[in-house]
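Structure data follow from query37.cif (mmCIF, C-alpha atoms):
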data_upload
loop_
_atom_site.label_atom_id
_atom_site.label_comp_id
_atom_site.auth_asym_id
_atom_site.auth_seq_id
_atom_site.Cartn_x
_atom_site.Cartn_y
_atom_site.Cartn_z
CA ARG A 212 -9.86 -30.89 6.29
CA ARG A 213 -11.98 -29.68 9.22
CA SER A 214 -11.70 -30.40 12.95
CA ALA A 215 -13.33 -29.04 16.10
CA SER A 216 -12.47 -28.99 19.80
CA ARG A 217 -14.46 -31.20 22.16
CA ALA A 218 -15.83 -28.19 23.96
CA GLY A 219 -16.97 -26.64 20.71
CA GLU A 220 -15.00 -23.49 21.43
CA SER A 221 -12.77 -23.62 18.34
CA GLU A 222 -12.61 -25.06 14.84
CA ASP A 223 -9.70 -25.68 12.48
CA PHE A 224 -9.81 -25.81 8.70
CA GLU A 225 -7.00 -26.79 6.34
CA LEU A 226 -6.74 -26.83 2.54
CA THR A 227 -3.70 -27.77 0.44
CA ALA A 228 -3.28 -27.65 -3.35
CA GLN A 229 -0.29 -28.77 -5.42
CA GLY A 230 0.98 -26.81 -8.41
CA GLU A 231 -0.92 -28.86 -10.99
CA ALA A 232 -4.20 -28.36 -9.15
CA LEU A 233 -3.56 -24.63 -8.85
CA GLN A 234 -2.97 -24.35 -12.59
CA ARG A 235 -6.06 -26.40 -13.38
CA GLU A 236 -8.58 -25.29 -10.74
CA VAL A 237 -7.52 -21.85 -9.55
CA VAL A 238 -5.75 -19.95 -12.33
CA PRO A 239 -8.49 -20.13 -15.05
CA PRO A 240 -11.30 -18.73 -12.85
CA LEU A 241 -8.87 -16.19 -11.40
CA ARG A 242 -7.97 -14.96 -14.89
CA ARG A 243 -11.65 -14.77 -15.84
CA ALA A 244 -12.50 -12.78 -12.70
CA LEU A 245 -9.60 -10.37 -13.19
CA GLY A 246 -10.38 -10.01 -16.90
CA GLY A 247 -13.99 -9.20 -16.11
CA LEU A 248 -12.95 -6.59 -13.56
CA ARG A 249 -10.59 -4.98 -16.09
CA ALA A 250 -13.35 -4.84 -18.70
CA ARG A 251 -15.79 -3.21 -16.26
CA LEU A 252 -13.24 -0.61 -15.20
CA ALA A 253 -12.42 0.21 -18.83
CA ALA A 254 -16.11 0.59 -19.64
CA ASP A 255 -16.62 2.85 -16.61
CA ALA A 256 -13.70 5.02 -17.74
CA SER A 257 -15.17 5.43 -21.22
CA ALA A 258 -18.61 6.26 -19.82
CA ALA A 259 -17.15 8.82 -17.42
CA ARG A 260 -15.50 10.72 -20.28
CA ARG A 261 -18.88 11.17 -21.98
CA GLU A 262 -20.33 12.68 -18.80
CA HIS A 263 -17.83 15.56 -18.65
CA ALA A 264 -16.99 18.38 -21.02
CA GLY A 265 -13.24 18.20 -20.30
CA PRO A 266 -10.66 15.51 -19.59
CA PRO A 267 -10.15 14.14 -16.06
CA ASP A 268 -8.12 16.52 -13.88
CA TYR A 269 -5.70 14.03 -12.36
CA GLY A 270 -4.90 11.51 -15.05
CA ASP A 271 -6.12 9.15 -17.72
CA PRO A 272 -8.18 6.35 -16.13
CA GLU A 273 -7.54 4.11 -19.14
CA VAL A 274 -3.82 4.11 -18.31
CA MET A 275 -4.62 3.22 -14.71
CA VAL A 276 -6.76 0.31 -15.91
CA SER A 277 -3.87 -0.87 -18.08
CA LEU A 278 -1.43 -0.71 -15.15
CA LEU A 279 -3.83 -2.62 -12.91
CA GLY A 280 -4.25 -5.18 -15.67
CA ASP A 281 -0.49 -5.72 -15.81
CA VAL A 282 -0.44 -6.35 -12.06
CA ALA A 283 -3.38 -8.75 -12.35
CA ASP A 284 -1.57 -10.72 -15.06
CA GLU A 285 1.49 -10.99 -12.81
CA VAL A 286 -0.67 -12.23 -9.93
CA ALA A 287 -2.31 -14.92 -12.05
CA ALA A 288 1.06 -16.01 -13.47
CA GLY A 289 2.55 -16.17 -9.99
CA VAL A 290 -0.28 -18.31 -8.63
CA GLY A 291 0.09 -20.70 -11.55
CA ALA A 292 3.84 -21.04 -10.98
CA LEU A 293 3.57 -22.00 -7.30
CA ALA A 294 4.70 -25.49 -6.35
CA LYS A 295 2.16 -25.69 -3.53
CA ALA A 296 -0.27 -23.52 -1.58
CA SER A 297 -1.88 -24.32 1.74
CA ALA A 298 -4.31 -22.43 3.94
CA ARG A 299 -5.03 -23.02 7.63
CA MET A 300 -7.75 -21.30 9.62
CA HIS A 301 -8.19 -21.43 13.39
CA VAL A 302 -11.53 -20.07 14.58
CA THR A 303 -12.56 -19.34 18.17
CA THR A 304 -15.48 -17.36 19.51
CA GLU A 305 -13.25 -14.28 19.84
CA ARG A 306 -10.52 -14.43 17.16
CA THR A 307 -9.91 -16.02 13.77
CA THR A 308 -6.40 -16.66 12.43
CA LEU A 309 -5.73 -17.41 8.77
CA THR A 310 -2.27 -18.67 7.73
CA LEU A 311 -1.45 -18.96 4.04
CA ASP A 312 1.77 -20.73 2.93
CA LEU A 313 3.01 -20.34 -0.65
CA ASP A 314 5.87 -22.54 -1.90
CA THR A 315 8.01 -21.98 -4.97
CA ARG A 316 11.25 -23.51 -6.22
CA GLY A 317 13.87 -22.73 -8.83
CA GLU A 318 14.28 -19.34 -10.44
CA ASP A 319 10.70 -18.64 -11.48
CA PRO A 320 10.63 -15.01 -12.79
CA SER A 321 7.05 -14.27 -11.72
CA LEU A 322 6.21 -11.38 -9.40
CA PHE A 323 5.33 -13.68 -6.51
CA ALA A 324 8.43 -15.85 -6.77
CA THR A 325 10.82 -12.92 -7.17
CA ASP A 326 9.36 -11.16 -4.12
CA MET A 327 9.52 -14.38 -2.09
CA ARG A 328 13.20 -14.93 -2.89
CA GLU A 329 14.13 -11.31 -2.17
CA ARG A 330 12.27 -11.40 1.14
CA VAL A 331 14.39 -14.25 2.53
CA GLY A 332 16.68 -12.71 5.12
CA ALA A 333 15.04 -9.27 4.97
CA PRO A 334 15.18 -7.30 8.27
CA THR A 335 12.30 -7.79 10.68
CA GLU A 336 12.67 -4.62 12.78
CA HIS A 337 10.35 -1.71 11.93
CA PRO A 338 11.70 1.56 13.37
CA LEU A 339 9.81 3.77 10.89
CA ALA A 340 6.50 2.47 12.24
CA ALA A 341 7.14 4.48 15.41
CA MET A 342 7.08 7.67 13.31
CA LEU A 343 3.52 7.09 12.09
CA PRO A 344 0.61 8.96 13.74
CA ALA A 345 -0.33 7.09 16.91
CA ASP A 346 -4.07 7.52 16.25
CA ALA A 347 -3.98 6.04 12.72
CA TRP A 348 -6.58 3.39 11.99
CA TRP A 349 -4.43 1.74 9.28
CA MET A 350 -0.69 1.09 9.56
CA PHE A 351 1.70 -0.79 7.27
CA ASP A 352 5.48 -1.27 7.41
CA HIS A 353 7.52 -3.00 4.70
CA ARG A 354 11.15 -4.07 4.85
CA GLY A 355 12.73 -5.08 1.54
CA GLY A 356 15.83 -7.07 0.76
CA GLY A 357 18.34 -7.59 -2.03
CA SER A 358 17.54 -5.84 -5.30
CA THR A 359 14.14 -4.63 -4.04
CA ARG A 360 15.75 -1.98 -1.86
CA GLY A 361 14.82 1.46 -3.10
CA ALA A 362 13.10 0.06 -6.20
CA LEU A 363 9.44 0.49 -5.27
CA ALA A 364 9.17 4.30 -5.12
CA PRO A 365 10.65 4.97 -8.60
CA LYS A 366 8.28 2.43 -10.13
CA ILE A 367 5.35 4.19 -8.51
CA THR A 368 6.45 7.64 -9.68
CA HIS A 369 7.01 6.44 -13.24
CA ALA A 370 3.55 4.87 -13.25
CA ALA A 371 2.07 8.11 -11.86
CA LEU A 372 3.66 10.11 -14.69
CA ARG A 373 2.15 7.68 -17.21
CA VAL A 374 -1.28 8.25 -15.66
CA LEU A 375 -0.86 12.04 -15.62
CA GLY A 376 0.10 12.03 -19.30
CA GLN A 377 0.23 15.47 -20.93
CA ARG A 378 -0.91 17.22 -17.76
CA VAL A 379 2.80 17.35 -16.94
CA THR A 380 4.41 18.91 -20.00
CA ASP A 381 8.08 18.33 -19.13
CA ARG A 382 7.87 14.66 -18.28
CA ALA A 383 11.61 14.12 -18.73
CA GLY A 384 12.37 16.86 -16.22
CA ALA A 385 9.77 15.55 -13.81
CA ARG A 386 11.16 12.03 -14.03
CA ALA A 387 14.72 13.23 -13.42
CA ASP A 388 13.71 15.25 -10.36
CA LEU A 389 11.55 12.48 -8.91
CA ASP A 390 14.26 9.86 -9.53
CA ALA A 391 16.69 12.11 -7.64
CA LEU A 392 14.17 12.52 -4.80
CA PHE A 393 13.94 8.75 -4.29
CA ALA A 394 17.49 7.82 -5.32
CA ARG A 395 18.67 7.25 -1.74
CA SER A 396 15.61 5.37 -0.52
CA GLY A 397 16.47 2.60 1.92
CA ASP A 398 14.87 -0.76 2.59
CA GLU A 399 11.93 0.38 4.74
CA LEU A 400 8.63 2.01 3.85
CA ALA A 401 5.82 2.76 6.28
CA TRP A 402 2.45 4.38 5.70
CA ALA A 403 -0.68 5.11 7.67
CA ILE A 404 -4.21 6.48 7.32
CA ALA A 405 -5.79 8.53 10.11
CA ARG A 406 -9.05 10.40 10.50
CA ASP A 407 -8.95 13.97 9.18
CA GLY A 408 -11.93 16.00 10.30
CA ALA A 409 -15.46 14.72 10.24
CA ARG A 410 -15.30 12.85 6.95
CA GLY A 411 -11.77 13.02 5.62
CA ALA A 412 -8.65 10.90 5.83
CA GLU A 413 -5.02 11.89 6.28
CA LEU A 414 -2.31 9.86 4.54
CA SER A 415 1.26 9.65 5.88
CA LEU A 416 4.12 7.92 4.04
CA VAL A 417 7.65 7.54 5.48
CA LEU A 418 10.62 6.28 3.42
CA ALA A 419 13.99 5.35 4.92
CA GLN A 420 17.00 7.15 3.43
CA THR A 421 20.51 5.75 3.18
CA ASP A 422 22.09 9.23 3.57
CA GLN A 423 19.86 10.66 6.33
CA GLY A 424 17.91 12.59 3.70
CA ALA A 425 20.73 14.74 2.26
CA GLY A 426 19.95 13.79 -1.35
CA ALA A 427 16.21 14.24 -0.84
CA ARG A 428 16.76 17.73 0.60
CA ASN A 429 18.71 18.77 -2.49
CA ALA A 430 16.08 17.29 -4.81
CA LEU A 431 13.24 19.04 -2.96
CA ALA A 432 15.04 22.38 -3.26
CA ARG A 433 15.11 21.91 -7.06
CA ILE A 434 11.53 20.63 -7.25
CA ALA A 435 10.26 23.72 -5.38
CA ARG A 436 11.45 25.83 -8.32
CA ALA A 437 10.73 23.31 -11.10
CA PRO A 438 8.64 24.67 -14.01
CA TRP A 439 7.10 21.22 -14.62
CA LEU A 440 5.50 21.29 -11.16
CA ARG A 441 4.33 24.90 -11.15
CA GLY A 442 2.95 24.49 -14.67
CA ALA A 443 1.20 21.16 -14.11
CA ARG A 444 -2.35 21.23 -15.52
CA LEU A 445 -4.37 19.44 -12.85
CA GLY A 446 -7.68 21.26 -13.10
CA ALA A 447 -6.53 24.23 -11.03
CA PRO A 448 -3.17 25.97 -10.51
CA LEU A 449 -0.88 24.59 -7.83
CA THR A 450 0.51 26.80 -5.09
CA VAL A 451 4.04 25.59 -4.40
CA SER A 452 5.75 26.84 -1.23
CA ALA A 453 9.16 26.06 0.21
CA ILE A 454 9.21 24.92 3.85
CA PRO A 455 12.22 23.90 5.96
CA ASP A 456 13.74 20.80 4.30
CA GLY A 457 10.71 20.35 2.05
CA ILE A 458 7.84 21.74 -0.03
CA SER A 459 4.11 22.31 0.41
CA LEU A 460 1.50 21.96 -2.36
CA THR A 461 -2.03 23.34 -2.15
CA GLN A 462 -4.78 23.53 -4.74
CA ALA A 463 -7.75 25.13 -3.06
CA SER A 464 -10.23 24.78 -5.91
CA ALA A 465 -9.40 21.21 -6.93
CA PRO A 466 -11.77 18.36 -6.04
CA THR A 467 -9.31 16.19 -4.05
CA LEU A 468 -7.45 19.04 -2.35
CA ALA A 469 -10.44 21.38 -2.11
CA ALA A 470 -11.87 23.13 0.90
CA THR A 471 -14.85 21.06 2.05
CA ARG A 472 -17.73 22.13 4.25
CA ALA A 473 -18.06 21.00 7.83
CA PRO A 474 -21.43 19.69 9.08
CA GLY A 475 -22.30 23.22 10.30
CA GLY A 476 -21.72 24.66 6.84
CA ALA A 477 -18.45 26.52 7.51
CA PRO A 478 -15.66 25.82 5.01
CA GLU A 479 -12.77 23.78 6.34
CA ALA A 480 -9.12 24.54 5.61
CA PRO A 481 -7.84 23.49 2.18
CA ARG A 482 -6.15 20.13 2.09
CA ALA A 483 -2.49 20.07 1.20
CA MET A 484 0.41 17.79 0.38
CA VAL A 485 3.74 18.34 2.10
CA VAL A 486 6.98 16.54 1.32
CA GLY A 487 9.99 16.91 3.57
CA VAL A 488 12.89 15.29 5.37
CA ARG A 489 12.23 14.62 9.03
CA GLY A 490 14.18 12.39 11.39
CA GLY A 491 16.50 11.34 8.55
CA ALA A 492 13.56 9.95 6.53
CA LEU A 493 11.61 11.26 3.54
CA VAL A 494 8.02 11.98 4.63
CA ILE A 495 4.92 12.70 2.54
CA VAL A 496 1.66 13.80 4.17
CA VAL A 497 -1.69 14.61 2.55
CA GLY A 498 -4.28 16.17 4.82
CA THR A 499 -5.95 19.30 6.14
CA HIS A 500 -3.11 20.11 8.56
CA ALA A 501 -0.39 18.18 6.76
CA ARG A 502 2.41 20.50 7.92
CA ASN A 503 1.63 19.83 11.59
CA THR A 504 1.68 16.09 11.02
CA LEU A 505 4.96 16.35 9.10
CA ASP A 506 6.64 18.17 11.98
CA GLY A 507 5.34 15.60 14.46
CA VAL A 508 7.10 12.75 12.66
CA ALA A 509 10.58 13.63 13.93
CA ALA A 510 9.29 13.98 17.50
CA ARG A 511 8.02 10.39 17.43
CA ALA A 512 11.23 8.90 15.98
CA GLY A 513 12.77 6.28 18.23
CA GLY A 514 9.57 5.79 20.21
CA PRO A 515 7.54 2.61 20.63
CA VAL A 516 5.94 0.91 17.65
CA PRO A 517 2.13 1.40 17.77
CA GLY A 518 0.30 -1.60 19.17
CA VAL A 519 -1.90 -1.97 16.10
CA ILE A 520 1.17 -3.44 14.34
CA ALA A 521 2.06 -6.97 15.38
CA GLU A 522 5.82 -6.91 15.84
CA GLY A 523 7.56 -10.20 15.19
CA ALA A 524 9.86 -12.09 12.86
CA ALA A 525 8.29 -10.76 9.66
CA SER A 526 9.51 -8.33 7.00
CA VAL A 527 5.99 -6.94 6.41
CA VAL A 528 3.65 -6.06 9.26
CA GLY A 529 0.46 -4.07 9.50
CA GLY A 530 -2.87 -3.70 11.16
CA VAL A 531 -6.23 -1.96 11.39
CA ASP A 532 -7.45 -0.36 14.61
CA LEU A 533 -11.15 -1.09 14.32
CA ALA A 534 -11.98 0.93 17.44
CA ALA A 535 -10.57 4.05 15.74
CA LEU A 536 -13.14 3.50 12.98
CA GLY A 537 -15.96 3.34 15.51
CA ALA A 538 -16.41 -0.42 15.07
CA ASN A 539 -15.56 -1.25 18.72
CA GLU A 540 -14.14 -4.57 17.53
CA GLY A 541 -10.49 -4.40 18.61
CA ARG A 542 -7.73 -4.90 16.04
CA ALA A 543 -7.01 -6.85 12.88
CA GLN A 544 -3.33 -7.59 12.24
CA PHE A 545 -1.28 -9.20 9.48
CA SER A 546 2.31 -10.18 8.74
CA TYR A 547 4.23 -11.57 5.77
CA ALA A 548 7.66 -13.24 5.67
CA ALA A 549 9.64 -15.80 3.68
CA ARG A 550 12.29 -18.41 4.45
CA ARG A 551 14.35 -20.87 2.42
CA ASP A 552 13.99 -24.62 2.92
CA GLY A 553 16.41 -26.49 0.66
CA ASP A 554 15.56 -25.63 -2.94
CA MET A 555 12.17 -24.33 -1.86
CA VAL A 556 11.18 -20.83 -0.72
CA ARG A 557 8.09 -20.55 1.48
CA ALA A 558 6.23 -17.27 2.01
CA THR A 559 3.79 -17.10 4.90
CA LEU A 560 0.94 -14.61 5.19
CA ARG A 561 -0.78 -14.51 8.59
CA ILE A 562 -3.99 -12.57 9.28
CA GLU A 563 -5.70 -12.35 12.65
CA ALA A 564 -9.02 -10.57 13.17
CA PRO A 565 -12.08 -10.60 15.45
CA THR A 566 -14.41 -13.46 14.53
CA ARG A 567 -17.45 -11.17 14.77
CA LEU A 568 -15.94 -8.87 12.15
CA LEU A 569 -15.31 -11.71 9.71
CA GLY A 570 -18.87 -12.94 10.24
CA ALA A 571 -20.23 -9.48 9.44
CA LEU A 572 -18.08 -9.26 6.29
CA ARG A 573 -19.25 -12.71 5.18
CA ALA A 574 -22.88 -11.70 5.64
CA LEU A 575 -22.27 -8.49 3.70
CA VAL A 576 -20.62 -10.29 0.76
CA LEU A 577 -22.96 -13.26 0.60
#
Structure re-expressed in structure tokens:
Amino acid sequence: RRSASRAGESEDFELTAQGEALQREVVPPLRRALGGLRARLAADASAARREHAGPPDYGDPEVMVSLLGDVADEVAAGVGALAKASARMHVTTERTTLTLDLDTRGEDPSLFATDMRERVGAPTEHPLAAMLPADAWWMFDHRGGGSTRGALAPKITHAALRVLGQRVTDRAGARADLDALFARSGDELAWAIARDGARGAELSLVLAQTDQGAGARNALARIARAPWLRGARLGAPLTVSAIPDGISLTQASAPTLAATRAPGGAPEAPRAMVVGVRGGALVIVVGTHARNTLDGVAARAGGPVPGVIAEGAASVVGGVDLAALGANEGRAQFSYAARRDGDMVRATLRIEAPTRLLGALRALVL
């Protein structure tokens, strides 16, 4: 359905599909598209191995393709299990707002439905967002609920060990140490991406801790001495250093942590990863001056939430500061929340962005 204001300053679009229509019209092409993407990625991985004399430094791409395929299957299954989906778009000359409502009922075990049920009643305050770098161009803050609390980080680390394969020889020891590192993770996770030099990007990840970081400190002290980390075969030896309440990892000759050259030709400082407890949270930073960013996290704790994040009654919030990317287009913001209505659970995703930006993206894609 489409409608327009009399003055021609805004337009509204609305589309609704019931579960049967989703299964018939949406799921089959979605599965074909995701299957085609998986096949192309697998072919690219095979071709890349023939172009190099040795194995990839940082993991087996075929395992990554398999993990992404599992997620894609969950997405397709979740879409097919929805009772109803509706999309509304409000377009003005300045801003466009897209609202997507997803309805499910019963105890559907799919990824979508499980996340929707767990998100009902999840907290909507985002204190960790204040600890992110204020000049970040991307910010994201997630509050979990129920059984999802503390479950995301271990899943990610286990998947990372699968990708690394035999590059980490003592996988059992690595898993035990990493499980201990994230054992006291709370219900909030925030991460950001900021500019790092002329062409780089700095990643910051902050995880809430239920014990103010005491368990993570103990785990980091063990990891700093762990043979599995110092002996990891990632293309070049790791330099592992202990820092107050954390560790620092550098690998000066490796491609992703290597010293790069500035536009004038002078080598920049090697990139590093630091992991530490700051402000009662577990913080991970990857960047040229990661240690400085790590120490700045505690100083920002308790401050205002950056304006790029749209605070409101939502368990997931985030945004992109387009001006920080040189686009001079303002901000794009999104939020995600769920509520229960009788036997139905409705999840709502809301995205707001400059209309000019969406028009440019449409022209680029089409």
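Minimum atom-to-atom distance to Val331 of chain A, evaluated using all atoms listed in the file, belongs to A:Ala525 out of A:Leu392, A:Ala287, A:Ala447, A:Ala525.
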Within 10 Å of Ala510 of chain A using only C-alpha atoms, minus same-chain residues under 2 positions, as a PyMOL selection string: chain A and resi 341-342+489-490+505-508+512-514
Set the distance at 12 Å and use only C-alpha atoms: which residues neighbour Thr380 of chain A once local chain neighbours fewer than 4 positions away are removed? I'd like the list as a ChimeraX atom specification. /A:372-373,375-376,384-386,437-445
Hey, what's within 6 Å of Thr461 of chain A if we count all atoms listed in the file and toss same-chain stuff fewer than 4 positions away? As a PyMOL selection string, please? chain A and resi 449-450+483
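For the pair atom CA of Arg428 of chain A and atom CA of Val488 of chain A, the separation is 6.6 Å.
When all atoms listed in the file are used to measure the gap to Gly498 of chain A, the shortest distance among A:Ala405, A:His337, A:Glu225, A:Ser546 belongs to A:Ala405.
Nearest to Glu231 of chain A of all the residues A:Ala296, A:Ala264, A:Val494, A:Val302 is A:Ala296, counting all atoms listed in the file.
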Interatomic distance between atom CA of Met327 of chain A and atom CA of Leu339 of chain A? 22.3 Å
Counting only C-alpha atoms, the residue of A:Gly355, A:Gly491, A:Gly446, A:Pro239 that sits nearest Glu399 of chain A: A:Gly355
10 Å contact set for Val497 of chain A, only C-alpha atoms, chain neighbours under 2 positions out, as number ranges by chain: A: 404, 407, 412-416, 459-461, 468, 482-486, 495, 499-502, 504-505
Which residues, named as in the file, does the PyMOL selection byres ((chain A and resi 252) around 12) pick out? Answer as a list in words. Leu245, Gly246, Gly247, Leu248, Arg249, Ala250, Arg251, Ala253, Ala254, Asp255, Ala256, Ser257, Ala258, Ala259, Pro272, Glu273, Val274, Met275, Val276, Ser277, Leu278, Leu279 and Gly280 of chain A
How about saving the chosen residues, C-alpha atoms kept, as a PDB file, in the coordinates of the input?
ATOM      1  CA  LEU A 245      -9.600 -10.370 -13.190  1.00  0.00           C
ATOM      2  CA  GLY A 246     -10.380 -10.010 -16.900  1.00  0.00           C
ATOM      3  CA  GLY A 247     -13.990  -9.200 -16.110  1.00  0.00           C
ATOM      4  CA  LEU A 248     -12.950  -6.590 -13.560  1.00  0.00           C
ATOM      5  CA  ARG A 249     -10.590  -4.980 -16.090  1.00  0.00           C
ATOM      6  CA  ALA A 250     -13.350  -4.840 -18.700  1.00  0.00           C
ATOM      7  CA  ARG A 251     -15.790  -3.210 -16.260  1.00  0.00           C
ATOM      8  CA  ALA A 253     -12.420   0.210 -18.830  1.00  0.00           C
ATOM      9  CA  ALA A 254     -16.110   0.590 -19.640  1.00  0.00           C
ATOM     10  CA  ASP A 255     -16.620   2.850 -16.610  1.00  0.00           C
ATOM     11  CA  ALA A 256     -13.700   5.020 -17.740  1.00  0.00           C
ATOM     12  CA  SER A 257     -15.170   5.430 -21.220  1.00  0.00           C
ATOM     13  CA  ALA A 258     -18.610   6.260 -19.820  1.00  0.00           C
ATOM     14  CA  ALA A 259     -17.150   8.820 -17.420  1.00  0.00           C
ATOM     15  CA  PRO A 272      -8.180   6.350 -16.130  1.00  0.00           C
ATOM     16  CA  GLU A 273      -7.540   4.110 -19.140  1.00  0.00           C
ATOM     17  CA  VAL A 274      -3.820   4.110 -18.310  1.00  0.00           C
ATOM     18  CA  MET A 275      -4.620   3.220 -14.710  1.00  0.00           C
ATOM     19  CA  VAL A 276      -6.760   0.310 -15.910  1.00  0.00           C
ATOM     20  CA  SER A 277      -3.870  -0.870 -18.080  1.00  0.00           C
ATOM     21  CA  LEU A 278      -1.430  -0.710 -15.150  1.00  0.00           C
ATOM     22  CA  LEU A 279      -3.830  -2.620 -12.910  1.00  0.00           C
ATOM     23  CA  GLY A 280      -4.250  -5.180 -15.670  1.00  0.00           C
TER      24      GLY A 280
END
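Among A:Gln234, A:Ser221, A:Thr310, A:Gln544, the residue with the shortest atom-to-atom distance to Ala558 of chain A, counting all atoms listed in the file, is A:Thr310.
Considering all atoms listed in the file, the residue among A:Val556, A:Val531, A:Ala370, A:Leu343 positioned nearest to Lys295 of chain A is A:Val556.
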With all atoms of segment 486-495 of chain A from the file as input, state the centre and edge lengths in Å to one decimal of the axis-aligned box that has 5 Å extra on each side, as AutoDock Vina command-line options.
--center_x 10.7 --center_y 13.4 --center_z 6.4 --size_x 21.6 --size_y 17.0 --size_z 20.1
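Picture a line from atom CA of Ala387 of chain A to atom CA of Ile454 of chain A; it runs 21.6 Å.
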For the PyMOL selection byres ((chain A and resi 349) around 8), applied here, can you spell out every residue it catches as a ChimeraX atom specification? /A:347-348,350-351,403-405,529-532
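Surrounding residues of (-4.6, -28.5, 1.4) at most 8 Å away are Arg212, Glu225, Leu226, Thr227, Ala228, Ala296, Ser297 and Ala298 of chain A (based on all atoms listed in the file).
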Residues from last step as file, C-alpha atoms, as a tab-separated table (two decimals), keeping the file's coordinate frame:
chain	number	residue	atom	x	y	z
A	212	ARG	CA	-9.86	-30.89	6.29
A	225	GLU	CA	-7.00	-26.79	6.34
A	226	LEU	CA	-6.74	-26.83	2.54
A	227	THR	CA	-3.70	-27.77	0.44
A	228	ALA	CA	-3.28	-27.65	-3.35
A	296	ALA	CA	-0.27	-23.52	-1.58
A	297	SER	CA	-1.88	-24.32	1.74
A	298	ALA	CA	-4.31	-22.43	3.94
For this structure, which residues satisfy the selection - the PyMOL selection byres ((chain A and resi 288) around 12) - when it is evaluated on the file as given? I want them as a PyMOL selection string. chain A and resi 230+233-234+237-239+241-242+281-287+289-293+319-324
Could you save the residues just selected, with C-alpha atoms, as a CSV table (one decimal), in the coordinates of the input?
chain,number,residue,atom,x,y,z
A,230,GLY,CA,1.0,-26.8,-8.4
A,233,LEU,CA,-3.6,-24.6,-8.8
A,234,GLN,CA,-3.0,-24.4,-12.6
A,237,VAL,CA,-7.5,-21.8,-9.6
A,238,VAL,CA,-5.8,-20.0,-12.3
A,239,PRO,CA,-8.5,-20.1,-15.0
A,241,LEU,CA,-8.9,-16.2,-11.4
A,242,ARG,CA,-8.0,-15.0,-14.9
A,281,ASP,CA,-0.5,-5.7,-15.8
A,282,VAL,CA,-0.4,-6.4,-12.1
A,283,ALA,CA,-3.4,-8.8,-12.4
A,284,ASP,CA,-1.6,-10.7,-15.1
A,285,GLU,CA,1.5,-11.0,-12.8
A,286,VAL,CA,-0.7,-12.2,-9.9
A,287,ALA,CA,-2.3,-14.9,-12.0
A,289,GLY,CA,2.6,-16.2,-10.0
A,290,VAL,CA,-0.3,-18.3,-8.6
A,291,GLY,CA,0.1,-20.7,-11.6
A,292,ALA,CA,3.8,-21.0,-11.0
A,293,LEU,CA,3.6,-22.0,-7.3
A,319,ASP,CA,10.7,-18.6,-11.5
A,320,PRO,CA,10.6,-15.0,-12.8
A,321,SER,CA,7.0,-14.3,-11.7
A,322,LEU,CA,6.2,-11.4,-9.4
A,323,PHE,CA,5.3,-13.7,-6.5
A,324,ALA,CA,8.4,-15.8,-6.8
Write out as number ranges by chain which residues come within 12 Å of Ala425 of chain A when counting only C-alpha atoms, dropping same-chain ones fewer than 4 positions away. A: 391-396, 419-421, 429-432, 456-457, 487-493
